[in-house]
>>> print(open('work_1.txt').read())   # compact mmCIF, C-alpha atoms
# COMPACT_ATOMS: atom_id res chain seq x y z
CA MET K 1 -13.69 12.39 0.01
CA SER K 2 -12.74 9.16 -1.82
CA SER K 3 -16.35 8.02 -2.29
CA THR K 4 -15.69 4.51 -3.66
CA PHE K 5 -13.47 3.71 -0.72
CA ILE K 6 -15.81 5.07 1.97
CA LYS K 7 -18.79 3.29 0.37
CA THR K 8 -16.86 0.06 0.78
CA TYR K 9 -15.89 0.83 4.38
CA PRO K 10 -18.50 3.21 5.89
CA GLU K 11 -17.60 2.08 9.41
CA LEU K 12 -14.10 3.60 9.24
CA ASP K 13 -13.34 6.95 10.80
CA TRP K 14 -12.54 9.53 8.13
CA LEU K 15 -9.67 11.65 9.43
CA GLY K 16 -9.69 14.15 6.57
CA ARG K 17 -7.59 14.98 3.56
CA ALA K 18 -4.00 13.81 3.77
CA ASP K 19 -2.65 17.35 3.41
CA LYS K 20 -3.83 17.79 7.01
CA TYR K 21 -1.16 15.20 7.92
CA GLU K 22 1.47 16.36 5.46
CA ASP K 23 4.23 16.78 8.07
CA ASP K 24 3.66 13.29 9.46
CA ILE K 25 3.51 11.74 5.99
CA PHE K 26 6.70 13.51 4.94
CA GLU K 27 8.50 12.22 8.05
CA ILE K 28 7.30 8.67 7.35
CA ILE K 29 8.15 8.70 3.65
CA ASN K 30 11.47 10.43 4.25
CA HIS K 31 12.68 7.43 6.31
CA ILE K 32 11.76 4.80 3.73
CA LYS K 33 14.49 4.01 1.24
CA ILE K 34 12.23 3.56 -1.75
CA PHE K 35 10.48 6.92 -1.13
CA ASP K 36 13.56 8.87 -0.07
CA LYS K 37 13.80 10.65 -3.43
CA PHE K 38 10.52 12.53 -2.88
CA SER K 39 10.91 16.20 -1.98
CA ARG K 40 8.76 18.01 0.54
CA ASP K 41 6.91 19.74 -2.32
CA GLU K 42 6.21 16.39 -4.02
CA VAL K 43 4.84 14.87 -0.82
CA GLN K 44 2.72 17.97 -0.29
CA ALA K 45 1.33 17.63 -3.82
CA LEU K 46 0.56 13.91 -3.35
CA CYS K 47 -1.21 14.60 -0.07
CA ARG K 48 -3.76 16.73 -1.91
CA PHE K 49 -4.89 13.58 -3.73
CA MET K 50 -5.23 11.30 -0.67
CA HIS K 51 -7.58 10.92 2.29
CA CYS K 52 -6.83 9.47 5.73
CA TYR K 53 -8.79 6.95 7.77
CA ALA K 54 -8.56 5.13 11.10
CA ALA K 55 -9.31 1.42 11.47
CA PRO K 56 -9.69 -0.56 14.70
CA ARG K 57 -7.76 -3.72 15.52
CA ASP K 58 -8.72 -6.83 13.50
CA PHE K 59 -10.23 -4.77 10.69
CA LEU K 60 -10.18 -6.34 7.21
CA LEU K 61 -8.59 -3.71 4.95
CA LEU K 62 -8.10 -5.80 1.80
CA LYS K 63 -9.49 -9.24 0.98
CA GLU K 64 -7.71 -11.63 -1.36
CA GLY K 65 -9.67 -12.02 -4.59
CA ASP K 66 -11.70 -8.82 -4.22
CA SER K 67 -11.44 -6.07 -6.79
CA GLY K 68 -9.60 -2.98 -5.71
CA ASP K 69 -8.95 0.44 -7.13
CA TYR K 70 -6.90 2.01 -4.34
CA LEU K 71 -3.72 1.64 -2.37
CA LEU K 72 -3.08 2.28 1.30
CA LEU K 73 -0.09 4.00 2.89
CA ILE K 74 0.21 2.91 6.52
CA LEU K 75 0.71 5.94 8.81
CA THR K 76 0.42 4.26 12.23
CA GLY K 77 -0.21 0.74 13.41
CA LYS K 78 0.47 -2.69 11.99
CA VAL K 79 -1.17 -4.91 9.37
CA GLU K 80 -0.91 -8.67 8.88
CA VAL K 81 -0.74 -9.88 5.27
CA THR K 82 -1.95 -13.41 4.52
CA LYS K 83 -2.37 -15.48 1.35
CA ILE K 84 -4.40 -18.60 0.67
CA ILE K 85 -2.03 -21.29 -0.62
CA PRO K 86 -2.87 -24.64 -2.24
CA GLY K 87 -4.93 -26.76 0.10
CA GLY K 88 -6.91 -23.72 1.25
CA ILE K 89 -4.42 -22.89 4.00
CA SER K 90 -3.92 -19.27 4.99
CA LYS K 91 -0.21 -18.46 5.14
CA LYS K 92 1.12 -15.36 6.80
CA LEU K 93 3.33 -13.48 4.37
CA ALA K 94 4.30 -10.49 6.45
CA ASP K 95 3.56 -7.93 9.10
CA VAL K 96 3.73 -4.45 7.64
CA GLY K 97 3.73 -1.12 9.38
CA VAL K 98 4.39 2.56 9.16
CA GLY K 99 5.43 3.64 5.69
CA ASP K 100 4.44 0.46 3.89
CA THR K 101 1.98 0.46 1.01
CA LEU K 102 -0.73 -2.13 0.41
CA GLY K 103 -2.91 -2.73 -2.61
CA GLU K 104 -0.72 -1.06 -5.21
CA MET K 105 -0.78 -4.05 -7.57
CA SER K 106 -4.59 -4.02 -7.90
CA MET K 107 -4.71 -0.25 -8.12
CA ILE K 108 -2.27 -0.33 -11.03
CA ASP K 109 -3.33 -3.45 -12.95
CA GLY K 110 -7.04 -3.72 -12.04
CA GLN K 111 -6.68 -7.40 -11.11
CA PRO K 112 -8.14 -8.92 -7.92
CA ARG K 113 -6.34 -8.44 -4.62
CA PHE K 114 -3.34 -10.75 -4.21
CA ALA K 115 -3.58 -11.12 -0.42
CA THR K 116 -5.70 -10.35 2.61
CA CYS K 117 -4.63 -7.50 4.90
CA THR K 118 -5.99 -7.19 8.43
CA THR K 119 -5.04 -4.66 11.09
CA SER K 120 -3.18 -6.17 14.07
CA ILE K 121 -3.61 -3.02 16.16
CA PRO K 122 -5.51 0.25 15.56
CA THR K 123 -4.12 1.63 12.32
CA ASP K 124 -4.28 4.96 10.49
CA PHE K 125 -3.65 5.07 6.76
CA ALA K 126 -3.87 7.28 3.70
CA VAL K 127 -5.80 6.15 0.63
CA LEU K 128 -4.87 6.88 -2.96
CA THR K 129 -7.58 5.76 -5.38
CA ARG K 130 -6.96 4.86 -9.01
CA ASP K 131 -8.96 7.93 -10.08
CA ALA K 132 -6.82 10.17 -7.86
CA PHE K 133 -3.66 8.51 -9.16
CA ASN K 134 -4.81 9.11 -12.75
CA ASN K 135 -5.38 12.76 -11.82
CA VAL K 136 -1.80 12.94 -10.51
CA LEU K 137 -0.58 11.49 -13.83
CA ILE K 138 -2.60 14.04 -15.83
CA GLN K 139 -2.05 17.12 -13.67
CA MET K 140 1.52 16.43 -12.56
CA PRO K 141 3.02 13.90 -15.01
CA ARG K 142 6.58 14.01 -13.61
CA LEU K 143 5.33 13.35 -10.08
CA GLY K 144 2.88 10.70 -11.30
CA ASN K 145 5.60 8.86 -13.21
CA LYS K 146 7.96 9.09 -10.25
CA LEU K 147 5.26 7.61 -7.99
CA LEU K 148 4.49 4.89 -10.53
CA LEU K 149 8.14 3.86 -10.77
CA THR K 150 8.43 3.89 -6.98
CA LEU K 151 5.35 1.69 -6.61
CA LEU K 152 6.66 -0.72 -9.25
CA GLN K 153 9.99 -0.97 -7.42
CA ALA K 154 8.17 -1.65 -4.13
CA THR K 155 5.98 -4.25 -5.80
CA THR K 156 8.86 -6.12 -7.43
CA TRP K 157 10.84 -6.05 -4.18
CA ARG K 158 7.83 -7.43 -2.29
CA LEU K 159 7.26 -10.10 -4.95
CA ARG K 160 10.86 -11.24 -4.71
CA GLU K 161 10.73 -11.37 -0.90
CA THR K 162 7.42 -13.28 -0.92
CA SER K 163 8.62 -15.74 -3.55
CA GLU K 164 11.80 -16.40 -1.60
CA ARG K 165 9.80 -16.96 1.59
CA LEU K 166 7.21 -19.26 -0.04
CA MET K 167 9.60 -21.23 -2.23
CA PRO K 168 13.12 -20.97 -0.79
CA GLU K 169 14.32 -24.08 -2.57
CA VAL K 170 13.23 -22.78 -6.00
CA VAL K 171 13.77 -19.03 -5.92
CA PRO K 172 17.32 -17.68 -6.01
CA SER K 173 18.40 -16.14 -2.74
CA LYS K 174 19.48 -12.53 -2.65
CA HIS K 175 22.78 -13.93 -1.42
CA GLY K 176 23.75 -15.29 -4.82
CA THR K 177 22.35 -18.83 -4.97
CA SER K 178 20.58 -19.43 -8.24
CA ILE K 179 19.10 -22.21 -10.29
>>> encode(input="work_1.txt", output="structure tokens")
Amino acid sequence: MSSTFIKTYPELDWLGRADKYEDDIFEIINHIKIFDKFSRDEVQALCRFMHCYAAPRDFLLLKEGDSGDYLLLILTGKVEVTKIIPGGISKKLADVGVGDTLGEMSMIDGQPRFATCTTSIPTDFAVLTRDAFNNVLIQMPRLGNKLLLTLLQATTWRLRETSERLMPEVVPSKHGTSI
């Protein structure tokens, strides 16, 4: 079991290793453009490094500013992502759901969490810790590098979308307007 994660959230229901949910995870990942290049065997291998949990509605999964050494892959449910902006105001950035990842930036760079993520409805998710990710990189370097590139693409896409939403007059639109 991912001990660091469960020590942080002992009140969550541990659903077991992700390979128990391999079929479901493959179906979810298979329908997400950024993950569509992962084969069944690759998903199966990744599942051996993850654990699944269930969280109730209104559960704080990630808190802005906290340290974090894991990412979450949402399997069911919905999560609200918020960010404190100047003036101490909490701004909703997004609602994310099935197939989305959360926390990948902190898992990769070791910096504090960028935003707060709270479940809107009961939510099941898989956890990949930094230690498990490092094991993927060591034991299966091609798969680890493929996952790393995929997470970086997801992160940059999310950063562009968030920047455009927060500063539409400054950030170039994906429709060709630029400064």
>>> residues_near_point(input="work_1.txt", point="(-7.0, 5.7, -5.8)", cutoff="7 Å", atoms="all atoms listed in the file", output="ChimeraX atom specification")
/K:69-71,107,127-133
>>> atom_distance(input="work_1.txt", atom1="CA of Lys63 (chain K)", atom2="CA of Lys83 (chain K)")
9.5 Å
>>> atom_distance(input="work_1.txt", atom1="CA of Asp23 (chain K)", atom2="CA of Ile138 (chain K)")
25.0 Å
>>> closest_residue(input="work_1.txt", among="K:Ile74, K:Asp24, K:Asn30, K:Met105", to="Thr156 (chain K)", atoms="only C-alpha atoms")
K:Met105
>>> atom_distance(input="work_1.txt", atom1="CA of Ile28 (chain K)", atom2="CA of Gln153 (chain K)")
17.8 Å
